[in-house]
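Visitor: Submitted below is the structure of interest, expressed as structure tokens.
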Amino acid sequence: MSALQIAQDAGSINPGLAAIGYGLAAIGPGIGVGLIFSSVISGTARQPEARGVLLGLAWTTFAIVEVLALIGFVVYFIATA
């Protein structure tokens with residue numbers, strides 16, 4: 001069962017409870033972004049000539065992680081509707 005089906009089956013969820021759930025769900029992407037860019041800084045410090053490749057990978061993975069936060073935001077609105 002997907003998260004979208006669960007959110008639709010839940011019916012009328014208290015908006016405050018849904019906001020707390022989204023806040024907790026946003027912690028994961030926040031930690032992920034921190035880990036991504038800390039790894040880029042560490043890799044650049046160890047091998048400065050690889051900076052361009054590392055930054056390209058960082059922005060790609062940053063976008064993927066942020067999509068998870070946006071999906072949580074959409075599920076929040078579906079759950080409160």
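Within each chain, counting starts at residue 1; across the structure tokens, chains are named A, B, ... in the order shown, with ligands numbered 1 upward in that order.
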List every residue of chain A that DSSP, applied to the backbone of this structure, places in alpha helix (DSSP H), and write the result as a PyMOL selection string.

Guide: chain A and resi 3-9+15-25+27-46+51-80

Visitor: I'd like the contact shell of region 62-74 of chain A - 6 Å cut-off, only C-alpha atoms, skipping same-chain residues fewer than 4 positions apart - returned as an MDAnalysis selection string.

Guide: chainID A and resid 26 29 58

Visitor: Tell me, in Å to one decimal, how far CA of Ser38 (chain A) is from CA of Gly21 (chain A).

Guide: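 Taking CA of Ser38 (chain A) as the start and CA of Gly21 (chain A) as the end point, the length is 26.8 Å.
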